[in-house]
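> Okay, handing you the structure first.
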Amino acid sequence: MASDPTKPLLRLTPDQSRQRPAGQQKFPRPPESFPRDRQQATFAPKFDRLAQALARDPGGLELRADPAALAPERLLVFEVRGSVNNFAAAVQRVPGLELIDEEELGSDDDKEPVAYLLVPDARALAELLSLWRRWNADQLQFGETPWRGVFELLRDLRPWGPQDRVQRIDASFLAEEIEERGEDELVPLEIELIYRASEVQAQAREDEVRAAVTARGGQIISRARLPEIAYHALLVDLPVRAIREIIDQAEGGIASLEPVMHIRPQSLATTIEIEDVTDAGTAAAVGNLREPILALLDGVPVAAHPLLAAHLVVDDQFDLEPHAPVDQRVHGTAMASLLVHGDRNNPAPALLRRIHVVPVMGAGDRFPARRLVVDIIFLAIRAMREGPDATAPGVLIVNLSLGNERRPFQSSLSAWARLLDRLAYRYGILFLVSAGNVRETFGVPAFATGTAFEDADAAARCDGTLTAIGNLMADRRMFSPSEAINAVTVGASNDDWVSAADRRAARTIIDPFPGIRAANPSSALGPGFARSVKPDILMPGGREHLRQMRTDGHVFVRPAPSTRPAGLKVAAPRTGAFGVAEGYSGGTSGATALASRTCHRIHDALEAAYPDFAGLPHIQRAALLKALLVHPARWPDDIAARIKAIIGPVGGHHSHIKDNIRRFLGFGYVDAEDAVACAEDRATFWAVGELSRDRVTTVRVPIPAVMSGQARPHSLSATLAWFTPVQPGRKSYRSVRLKLLDPAEAGTLGVSPRSLQPDGNQTNRGTIFMRCWEGDKAPVVGPDMTIDLVVQRDPDPGTPIDEAVPFGLAVTVAMPGIVGLYTQVAQRLGIAPRQPV
């Protein structure tokens with residue numbers, strides 16, 4: 001049944017927490033050690049060379065001059081088999097060694113962790129050499145045994161070098177940037193330094209890089225050092241000839257400087273276009289609007305637009321508005337319109353609160369040329385939420401329909417993502433981030449020509465498009481900062497509210513998925529950090545079409561811009577004769593704005609139903625909104641089945657098949673109305689709480705007796721969300737892990753785990769844990785039956801976190817077509833129906 005706004009979400013209260021029962025933790029099977037003779041043959045020459053050099057030069061100067069050596073004040077790369085936990089424990093026992101970072105690479109069952117170790121002086125290096133010798137002689141002493149695991153599982157040991165500082169994809173972007181430019185022309189790029197905890201050491205290393213930049217005719221534009229996320233970076237202008245040195249990894253160039261961690265092109269913002277602009281007509285009258293709970297960090301909007309003027313509070317912290325021509329204010333205007341009004345093809349009431357807008361893009365919807373984007377975002381959030389002069393202290397939802405086109409996510413967390421994770425936990429903010437749009441031309445080998453593609457039936461067109469995208473999955477990854485683990489990442493589904501008449505007007509473009517709900521072809525793919533589920537959800541981004549670009553053995557197509565036949569209707573900058581303009585946009589930017597609007601509507605509904613809801617702490621409300629937004633997400637059966645059949649892998653393990661499905665769909669498509677209210681045959685419950693270390697709590701969910709004996713489809717679903725503290729530079733970035741235990745009463749309710757959902761090993765890698773159980777056999781339900789859902793905090797994987805971590809929980813019981821289900825449980829909880837606002 002359709003959602004009914006008179007049926008609010010139902011509140012539950014968790015039991016008092018208790019100690020986590022012993023014996024529930026499952027330790028992974030230890031990886032197989034390399035043979036000792038293999039390790040000795042591989043690494044003995046490296047350590048012997050190190051010993052000889054140290055004997056000649058105890059201060060380590062000779063080693064420091066040799067770029068191939070393992071030198072003091074060098075960043076070393078330890079590639080290990082299995083977990084880095086043993087390695088991190090071993091490092092802590094050597095005075096002076098500093099673990100910089102670690103990341104998990106490889107597939108779910110083939111982990112190849114990499115740990116970065118800073119060796120500050122010859123003493124620490126000599127101790128490392130001594131440990132190697134004692135392991136060789138089987139003479140490790142008490143307290144040194146973790147090093148056995150290090151040396152037995154070591155795959156490689158090498159210094160951090162130019163090939164690490166300049167990734168292949170960054171070199172290609174830099175090459176594009178300098179193409180056809182003069183050798184002396186200055187080009188901006190970002191240099192991230194190895195983060196040093198000591199201010200004095202950090203400044204000395206920065207000065208070394210500054211001197212190198214100046215010596216090559218460059219200049220420092222801006223710098224940022226954020227200890228909270230272990231970030232230290234410079235934005236510099238360098239002449240083209242110096243950038244060629246970097247691309248070529250020339251000896252003696254900036255890419256060989258020891259303090260340098262990464263060199264990348266300047267961040268480039270994702271952009272959108274607004275097409276088919278027309279007159280919007282008269283704006284509706286607006287009453288008194290309340291203070292903001294939602295902020296938009298985006299381009300400068302047309303704040304005086306009649307559709308937006310009463311709804312926006314523009315906080316121009318970085319003085320970008322005076323330098324942004326009104327006719328170029330596309331992105332911020334479109335996103336503000338979607339937040340306030342939704343898709344204007346789908347008339348809906350405007351939000352009842354103002355939107356706090358902080359422009360972070362200026363002219364041409366580009367990031368400010370003289371600032372680091374990470375620094376801008378940090379300053380914007382801090383100004384909103386911190387101190388007595390906070391500009392928007394009530395904000396707990398932040399919309400970021402932005403990304404760095406030049407930083408596709410490739411296993412290693414970006415500084416921008418680390419920042420969002422830190423700010424989410426620190427301030428209790430739910431960030432909603434767009435996955436990004438990949439709009440490059442791609443081939444569809446199944447069709448020789450565009451005519452053949454257009455004339456194919458729906459199934460053939462769908463299968464051909466999926467096959468083409470599946471062949472390019474590695475090149476269609478999400479844009480940073482969408483990998484942030486505390487944020488909700490939003491992809492675009494091919495949904496909109498375009499009329500049938502307008503849809504028929506599409507003549508020169510091809511619908512790749514006719515009649516099938518799917519992710520848009522341009523919507524960037526997951527997974528996320530440590531192979532977590534990303535994007536988290538899909539929201540409507542317009543029914544994206546494809547345009548034929550060329551034929552070369554087969555047809556090549558490209559995602560077409562959003563237009564009247566396939567897009568979301570939004571406010572637009574004034575053009576030509578139109579005084580109040582609107583047009584069409586879409587993609588993951590628009591989908592993210594609709595997700596943020598849905599979060600706001602959930603908050604409004606809870607605030608109306610529960611007068612004390614607004615008094616809950618920011619972080620509890622934000623965690624609950626996160627759970628309730630993602631909770632209705634489901635894989636559409638038809639497209640999930642097609643991905644399974646087309647991309648497979650054919651005959652592969654079910655987890656590998658589901659891995660490919662979640663790359664496209666995340667947890668699934670979200671119907672906004674189902675997130676906001678219940679229905680007569682569907683009851684959604686919510687609870688908030690917090691858990692300290694090694695604690696569990698139980699949430700008791702009432703089951704309506706009207707379900708008893710009904711042999712028809714029914715389901716139980718639960719979504720747990722939280723914000724984890726993060727520890728950049730530690731052995732475990734995600735510091736806190738929560739999960740739901742399978743309910744013991746599932747059998748009595750006649751349900752079992754839904755087949756079309758991420759499996760348990762995939763859903764427990766981030767900060768959202770979702771499970772759905774379903775069945776069609778008659779459940780046995782007594783008059784006061786409950787399902788007990790146990791929320792458990794697993795042992796902290798790294799340094800133990802003492803503080804209690806807040807969580808939000810959403811649970812739904814549904815039996816389609818059974819009238820009275822909601823009413824029964826609402827009466828048990830003492831919640832009366834209310835009139836819609």
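The chains in the structure tokens are called A, B, ... from first to last as shown; in each chain the residues are counted from 1, and the ligands are counted from 1 in the order shown.
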Quick one: residues within 6 Å of segment 714-729 of chain A, only C-alpha atoms, excluding same-chain residues fewer than 5 positions away - as a list in words?
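Everything that qualifies: Ile100, Asp101, Ile229, Tyr425, Asn486, Ala623, Ala627, His631, Arg734, Ser735, Val736, Thr767, Ile768, Phe769, Met770, Arg771, Cys772, Trp773, Glu774, Gly775, Phe807, Gly808, Leu809, Ala810, Val811, Thr812, Val813, Ala814 and Met815 of chain A.
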> Go ahead and dump the residues you just picked, N, CA, C and O atoms, as an mmCIF file, in the first residue's frame.

```cif
data_model
loop_
_atom_site.group_PDB
_atom_site.id
_atom_site.type_symbol
_atom_site.label_atom_id
_atom_site.label_comp_id
_atom_site.auth_asym_id
_atom_site.auth_seq_id
_atom_site.Cartn_x
_atom_site.Cartn_y
_atom_site.Cartn_z
ATOM 1 N N ILE A 100 52.609 5.257 9.393
ATOM 2 C CA ILE A 100 51.960 6.385 8.741
ATOM 3 C C ILE A 100 50.527 6.054 8.343
ATOM 4 O O ILE A 100 49.613 6.796 8.573
ATOM 5 N N ASP A 101 50.322 4.927 7.720
ATOM 6 C CA ASP A 101 48.995 4.622 7.211
ATOM 7 C C ASP A 101 48.957 3.158 6.792
ATOM 8 O O ASP A 101 49.991 2.519 6.677
ATOM 9 N N ILE A 229 43.146 14.935 10.631
ATOM 10 C CA ILE A 229 43.076 13.902 9.591
ATOM 11 C C ILE A 229 44.462 13.580 9.039
ATOM 12 O O ILE A 229 44.582 12.980 7.961
ATOM 13 N N TYR A 425 31.715 12.573 12.803
ATOM 14 C CA TYR A 425 31.712 12.103 14.196
ATOM 15 C C TYR A 425 31.876 13.263 15.174
ATOM 16 O O TYR A 425 31.231 13.293 16.219
ATOM 17 N N ASN A 486 31.713 7.325 6.869
ATOM 18 C CA ASN A 486 30.631 7.828 7.718
ATOM 19 C C ASN A 486 29.523 8.498 6.910
ATOM 20 O O ASN A 486 28.456 8.789 7.443
ATOM 21 N N ALA A 623 22.589 9.911 13.031
ATOM 22 C CA ALA A 623 22.730 8.467 12.823
ATOM 23 C C ALA A 623 21.378 7.833 12.498
ATOM 24 O O ALA A 623 21.290 6.929 11.659
ATOM 25 N N ALA A 627 20.138 5.806 9.082
ATOM 26 C CA ALA A 627 19.509 4.480 9.057
ATOM 27 C C ALA A 627 18.182 4.508 8.324
ATOM 28 O O ALA A 627 17.890 3.638 7.487
ATOM 29 N N HIS A 631 17.239 2.562 4.870
ATOM 30 C CA HIS A 631 16.434 1.400 5.251
ATOM 31 C C HIS A 631 15.520 0.863 4.145
ATOM 32 O O HIS A 631 15.436 -0.363 3.960
ATOM 33 N N ARG A 734 38.666 2.419 10.511
ATOM 34 C CA ARG A 734 37.315 2.361 11.092
ATOM 35 C C ARG A 734 37.451 1.804 12.504
ATOM 36 O O ARG A 734 37.618 0.611 12.713
ATOM 37 N N SER A 735 37.328 2.660 13.507
ATOM 38 C CA SER A 735 37.675 2.279 14.875
ATOM 39 C C SER A 735 36.613 1.451 15.569
ATOM 40 O O SER A 735 36.924 0.684 16.480
ATOM 41 N N VAL A 736 35.349 1.627 15.179
ATOM 42 C CA VAL A 736 34.242 0.962 15.880
ATOM 43 C C VAL A 736 33.381 0.213 14.874
ATOM 44 O O VAL A 736 33.015 0.748 13.827
ATOM 45 N N THR A 767 29.653 1.567 7.830
ATOM 46 C CA THR A 767 28.967 2.028 9.038
ATOM 47 C C THR A 767 27.454 1.918 8.869
ATOM 48 O O THR A 767 26.696 2.617 9.534
ATOM 49 N N ILE A 768 27.036 1.050 7.960
ATOM 50 C CA ILE A 768 25.622 0.700 7.798
ATOM 51 C C ILE A 768 25.542 -0.820 7.726
ATOM 52 O O ILE A 768 26.245 -1.446 6.925
ATOM 53 N N PHE A 769 24.714 -1.394 8.575
ATOM 54 C CA PHE A 769 24.534 -2.853 8.589
ATOM 55 C C PHE A 769 23.064 -3.120 8.307
ATOM 56 O O PHE A 769 22.196 -2.739 9.098
ATOM 57 N N MET A 770 22.790 -3.748 7.188
ATOM 58 C CA MET A 770 21.405 -3.975 6.777
ATOM 59 C C MET A 770 21.166 -5.465 6.518
ATOM 60 O O MET A 770 21.970 -6.120 5.874
ATOM 61 N N ARG A 771 20.044 -5.957 7.016
ATOM 62 C CA ARG A 771 19.615 -7.326 6.719
ATOM 63 C C ARG A 771 18.111 -7.332 6.475
ATOM 64 O O ARG A 771 17.356 -6.601 7.133
ATOM 65 N N CYS A 772 17.705 -8.186 5.540
ATOM 66 C CA CYS A 772 16.280 -8.346 5.240
ATOM 67 C C CYS A 772 15.957 -9.831 5.218
ATOM 68 O O CYS A 772 16.690 -10.632 4.622
ATOM 69 N N TRP A 773 14.882 -10.192 5.894
ATOM 70 C CA TRP A 773 14.401 -11.575 5.920
ATOM 71 C C TRP A 773 12.998 -11.591 5.324
ATOM 72 O O TRP A 773 12.198 -10.688 5.572
ATOM 73 N N GLU A 774 12.673 -12.615 4.551
ATOM 74 C CA GLU A 774 11.359 -12.667 3.932
ATOM 75 C C GLU A 774 10.893 -14.117 3.791
ATOM 76 O O GLU A 774 11.695 -15.058 3.887
ATOM 77 N N GLY A 775 9.618 -14.303 3.583
ATOM 78 C CA GLY A 775 9.059 -15.637 3.410
ATOM 79 C C GLY A 775 7.601 -15.545 3.017
ATOM 80 O O GLY A 775 7.002 -14.460 3.014
ATOM 81 N N PHE A 807 24.070 5.165 17.927
ATOM 82 C CA PHE A 807 23.590 4.456 16.745
ATOM 83 C C PHE A 807 22.125 4.786 16.517
ATOM 84 O O PHE A 807 21.404 5.245 17.412
ATOM 85 N N GLY A 808 21.684 4.561 15.283
ATOM 86 C CA GLY A 808 20.271 4.639 14.928
ATOM 87 C C GLY A 808 19.846 3.320 14.322
ATOM 88 O O GLY A 808 20.621 2.681 13.595
ATOM 89 N N LEU A 809 18.636 2.888 14.612
ATOM 90 C CA LEU A 809 18.131 1.599 14.126
ATOM 91 C C LEU A 809 16.753 1.807 13.503
ATOM 92 O O LEU A 809 15.894 2.480 14.081
ATOM 93 N N ALA A 810 16.567 1.228 12.311
ATOM 94 C CA ALA A 810 15.257 1.219 11.655
ATOM 95 C C ALA A 810 14.850 -0.229 11.415
ATOM 96 O O ALA A 810 15.667 -1.045 10.983
ATOM 97 N N VAL A 811 13.584 -0.552 11.704
ATOM 98 C CA VAL A 811 13.071 -1.920 11.544
ATOM 99 C C VAL A 811 11.692 -1.834 10.901
ATOM 100 O O VAL A 811 10.872 -1.003 11.298
ATOM 101 N N THR A 812 11.455 -2.697 9.914
ATOM 102 C CA THR A 812 10.139 -2.723 9.266
ATOM 103 C C THR A 812 9.571 -4.138 9.268
ATOM 104 O O THR A 812 10.280 -5.106 8.955
ATOM 105 N N VAL A 813 8.303 -4.226 9.633
ATOM 106 C CA VAL A 813 7.526 -5.469 9.508
ATOM 107 C C VAL A 813 6.445 -5.199 8.477
ATOM 108 O O VAL A 813 5.699 -4.219 8.599
ATOM 109 N N ALA A 814 6.341 -6.047 7.454
ATOM 110 C CA ALA A 814 5.379 -5.798 6.383
ATOM 111 C C ALA A 814 4.748 -7.099 5.916
ATOM 112 O O ALA A 814 5.412 -8.134 5.850
ATOM 113 N N MET A 815 3.454 -7.038 5.603
ATOM 114 C CA MET A 815 2.747 -8.121 4.931
ATOM 115 C C MET A 815 1.774 -7.457 3.957
ATOM 116 O O MET A 815 0.664 -7.050 4.346
#
```
> Return as CSV the residues of segment 503-576 of chain A lying at most 10 Å from segment 638-654 of chain A, together with the closest atom-to-atom pair for each and the distance in Å to one decimal, counting only C-alpha atoms, with rows in chain order and ascending residue number.

```
residue,atom,partner,partner_atom,distance
A:Phe513,CA,A:Ile639,CA,9.2
A:Ile516,CA,A:Ile639,CA,6.9
A:Arg517,CA,A:Ile639,CA,6.9
A:Ala518,CA,A:Ile639,CA,6.1
A:Ala519,CA,A:Ile639,CA,9.0
```
> Take the residues just selected and output them with N, CA and C atoms as a PDB file, in the first residue's frame.

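Result file is result-v1.pdb:
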```
ATOM      1  N   PHE A 513      17.750   1.303 -20.895  1.00  0.00           N
ATOM      2  CA  PHE A 513      17.059   0.380 -20.000  1.00  0.00           C
ATOM      3  C   PHE A 513      15.544   0.624 -20.050  1.00  0.00           C
ATOM      4  N   ILE A 516      12.898  -0.683 -17.310  1.00  0.00           N
ATOM      5  CA  ILE A 516      13.641  -1.353 -16.240  1.00  0.00           C
ATOM      6  C   ILE A 516      14.250  -0.299 -15.325  1.00  0.00           C
ATOM      7  N   ARG A 517      14.052  -0.435 -14.013  1.00  0.00           N
ATOM      8  CA  ARG A 517      14.698   0.475 -13.058  1.00  0.00           C
ATOM      9  C   ARG A 517      16.136   0.010 -12.862  1.00  0.00           C
ATOM     10  N   ALA A 518      17.084   0.907 -13.089  1.00  0.00           N
ATOM     11  CA  ALA A 518      18.504   0.565 -13.012  1.00  0.00           C
ATOM     12  C   ALA A 518      19.294   1.798 -12.628  1.00  0.00           C
ATOM     13  N   ALA A 519      20.569   1.614 -12.343  1.00  0.00           N
ATOM     14  CA  ALA A 519      21.465   2.755 -12.193  1.00  0.00           C
ATOM     15  C   ALA A 519      21.706   3.364 -13.562  1.00  0.00           C
TER      16      ALA A 519
END
```
> From the set A:Gln39, A:Thr13, A:Thr391, A:Asn404, which residue has the shortest atom-to-atom contact distance to Pro265 of chain A, counting only C-alpha atoms?
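The shortest atom-to-atom distance to Pro265 of chain A comes from A:Asn404.
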> Which residues come within 7 Å of segment 430-436 of chain A, counting only C-alpha atoms, excluding same-chain residues fewer than 4 positions away, as a list in words?
Leu396, Ile397, Val398, Asn399, Leu400, Ser401, Leu402, Gly403, Ala424, Met478, Phe479, Ser482, Ala487, Val488, Thr489, Val490, Gly491, Ser523, Ala524, Pro535, Thr588, Ser589, Thr592, Ser596, Ala622 and Lys626 of chain A
> Do a neighbour search on segment 322-339 of chain A at 6 Å with only C-alpha atoms, toss out local chain neighbours closer than 2 positions, and write the hits as a list in words.
Asp298, Gly299, Val300, Pro301, Val302, Leu320, His341, Gly342, Asp343, Gly362, Ala363, Gly364, Val570, Ala571, Pro573, Ala593 and Arg597 of chain A
> Let's have the selection written as a PDB file, in the first residue's frame, with N, CA and C atoms.

```pdb
ATOM      1  N   ASP A 298      28.155  24.087  -2.112  1.00  0.00           N
ATOM      2  CA  ASP A 298      28.009  23.938  -3.555  1.00  0.00           C
ATOM      3  C   ASP A 298      28.482  25.213  -4.239  1.00  0.00           C
ATOM      4  N   GLY A 299      28.048  25.387  -5.479  1.00  0.00           N
ATOM      5  CA  GLY A 299      28.337  26.614  -6.190  1.00  0.00           C
ATOM      6  C   GLY A 299      27.468  27.753  -5.692  1.00  0.00           C
ATOM      7  N   VAL A 300      27.781  28.964  -6.125  1.00  0.00           N
ATOM      8  CA  VAL A 300      26.984  30.136  -5.760  1.00  0.00           C
ATOM      9  C   VAL A 300      25.609  30.006  -6.415  1.00  0.00           C
ATOM     10  N   PRO A 301      24.522  30.074  -5.652  1.00  0.00           N
ATOM     11  CA  PRO A 301      23.192  29.996  -6.253  1.00  0.00           C
ATOM     12  C   PRO A 301      22.693  31.369  -6.698  1.00  0.00           C
ATOM     13  N   VAL A 302      21.675  31.367  -7.523  1.00  0.00           N
ATOM     14  CA  VAL A 302      20.962  32.613  -7.811  1.00  0.00           C
ATOM     15  C   VAL A 302      20.028  32.835  -6.625  1.00  0.00           C
ATOM     16  N   LEU A 320      33.001  34.396  -2.732  1.00  0.00           N
ATOM     17  CA  LEU A 320      32.924  33.865  -4.090  1.00  0.00           C
ATOM     18  C   LEU A 320      31.779  34.484  -4.893  1.00  0.00           C
ATOM     19  N   HIS A 341      12.320  22.186  -3.334  1.00  0.00           N
ATOM     20  CA  HIS A 341      11.066  21.812  -4.000  1.00  0.00           C
ATOM     21  C   HIS A 341      11.034  20.363  -4.494  1.00  0.00           C
ATOM     22  N   GLY A 342      12.153  19.669  -4.554  1.00  0.00           N
ATOM     23  CA  GLY A 342      12.193  18.393  -5.238  1.00  0.00           C
ATOM     24  C   GLY A 342      12.128  18.607  -6.734  1.00  0.00           C
ATOM     25  N   ASP A 343      11.855  17.542  -7.472  1.00  0.00           N
ATOM     26  CA  ASP A 343      11.675  17.649  -8.916  1.00  0.00           C
ATOM     27  C   ASP A 343      10.380  18.415  -9.172  1.00  0.00           C
ATOM     28  N   GLY A 362      33.230  28.859  -7.260  1.00  0.00           N
ATOM     29  CA  GLY A 362      33.041  30.218  -7.721  1.00  0.00           C
ATOM     30  C   GLY A 362      32.689  30.281  -9.190  1.00  0.00           C
ATOM     31  N   ALA A 363      33.357  31.177  -9.917  1.00  0.00           N
ATOM     32  CA  ALA A 363      33.068  31.398 -11.328  1.00  0.00           C
ATOM     33  C   ALA A 363      33.195  30.093 -12.109  1.00  0.00           C
ATOM     34  N   GLY A 364      32.211  29.853 -12.985  1.00  0.00           N
ATOM     35  CA  GLY A 364      32.230  28.653 -13.800  1.00  0.00           C
ATOM     36  C   GLY A 364      32.002  27.376 -13.018  1.00  0.00           C
ATOM     37  N   VAL A 570      14.325  21.850 -12.506  1.00  0.00           N
ATOM     38  CA  VAL A 570      14.937  22.641 -11.433  1.00  0.00           C
ATOM     39  C   VAL A 570      14.928  24.122 -11.800  1.00  0.00           C
ATOM     40  N   ALA A 571      15.087  24.967 -10.786  1.00  0.00           N
ATOM     41  CA  ALA A 571      15.298  26.390 -11.020  1.00  0.00           C
ATOM     42  C   ALA A 571      16.612  26.586 -11.765  1.00  0.00           C
ATOM     43  N   PRO A 573      19.431  29.692 -13.748  1.00  0.00           N
ATOM     44  CA  PRO A 573      19.778  31.107 -13.927  1.00  0.00           C
ATOM     45  C   PRO A 573      18.942  31.714 -15.057  1.00  0.00           C
ATOM     46  N   ALA A 593      20.829  15.487  -3.929  1.00  0.00           N
ATOM     47  CA  ALA A 593      19.965  16.539  -3.394  1.00  0.00           C
ATOM     48  C   ALA A 593      18.605  15.975  -2.993  1.00  0.00           C
ATOM     49  N   ARG A 597      16.945  16.008   0.727  1.00  0.00           N
ATOM     50  CA  ARG A 597      15.574  16.473   0.952  1.00  0.00           C
ATOM     51  C   ARG A 597      14.764  15.407   1.688  1.00  0.00           C
TER      52      ARG A 597
END
```
> Select, from A:Gly586, A:Gly470, A:Pro5, A:Pro14, the residue with the minimum atom-to-atom distance to Val791 of chain A, counting only C-alpha atoms.
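The shortest atom-to-atom distance to Val791 of chain A comes from A:Pro14.
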> Need to verify the contact set: Asp375 of chain A, 9 Å, only C-alpha atoms, exclusion of same-chain residues closer than 3 positions in sequence. Can you return it as number ranges by chain?
A: 223-226, 371-372, 378-380, 416
> Just checking: using only C-alpha atoms, which residue out of A:Met261, A:Leu61, A:Ala69, A:Leu525 ends up closest to Leu193 of chain A?
A:Met261
> So that I can check the secondary structure, give me every residue of segment 571-633 of chain A assigned strand (DSSP E or B) by backbone DSSP, as a ChimeraX atom specification.
/A:571,581-585
> Quick one: residues within 8 Å of segment 161-175 of chain A, only C-alpha atoms counted, chain neighbours fewer than 4 positions away excluded, as a compact mmCIF listing (two decimals) with C-alpha atoms, in the first residue's frame?

```
# COMPACT_ATOMS: atom_id res chain seq x y z
CA PRO A 67 67.32 6.74 -3.52
CA GLU A 179 49.45 19.74 -23.38
CA ILE A 243 55.80 19.23 -14.33
CA ARG A 244 57.39 17.21 -17.15
CA ILE A 246 57.35 15.00 -12.29
CA ILE A 247 55.54 13.01 -15.01
CA GLN A 249 59.83 10.80 -12.43
CA ALA A 255 58.89 13.58 -7.30
CA SER A 256 62.09 12.33 -5.62
CA VAL A 260 56.49 14.23 -0.53
CA MET A 261 53.68 11.68 -0.18
CA HIS A 262 51.67 12.40 -3.36
CA ILE A 263 51.67 14.82 -6.27
CA ARG A 264 48.33 15.37 -7.99
CA PRO A 265 46.71 17.86 -10.36
CA ARG A 406 40.57 13.94 -11.05
```
> With only C-alpha atoms as the counted atoms, please give the residues lying no more than 6 Å from segment 676-682 of chain A, apart from itself and same-chain residues fewer than 2 positions off, as a list of chain:residue names.
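Non-adjacent residues within range: A:Ser3, A:Asp4, A:Pro5, A:Lys7, A:Pro8, A:Leu9, A:Ile602, A:Glu673, A:Asp674, A:Val813, A:Ala814, A:Met815, A:Pro816, A:Gly817, A:Ile818, A:Val819, A:Gly820, A:Leu821, A:Tyr822.
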> For the structure I just gave you, how does DSSP split segment 9-224 of chain A - specifically, which residues are alpha helix (DSSP H)? Reply as an NGL selection string.
:A and (36-56 or 61-65 or 85-91 or 122-136 or 146-153 or 162-165 or 168-178 or 199-215)
> Expressed in Å to a single decimal, how great is the separation between atom CA of Ile657 of chain A and atom CA of Ala474 of chain A?
16.0 Å
> Between atom CA of Ala605 of chain A and atom CA of Ala285 of chain A, what distance in Å does the model show, to one decimal?
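Atom CA of Ala285 of chain A lies at a distance of 22.2 Å from atom CA of Ala605 of chain A.
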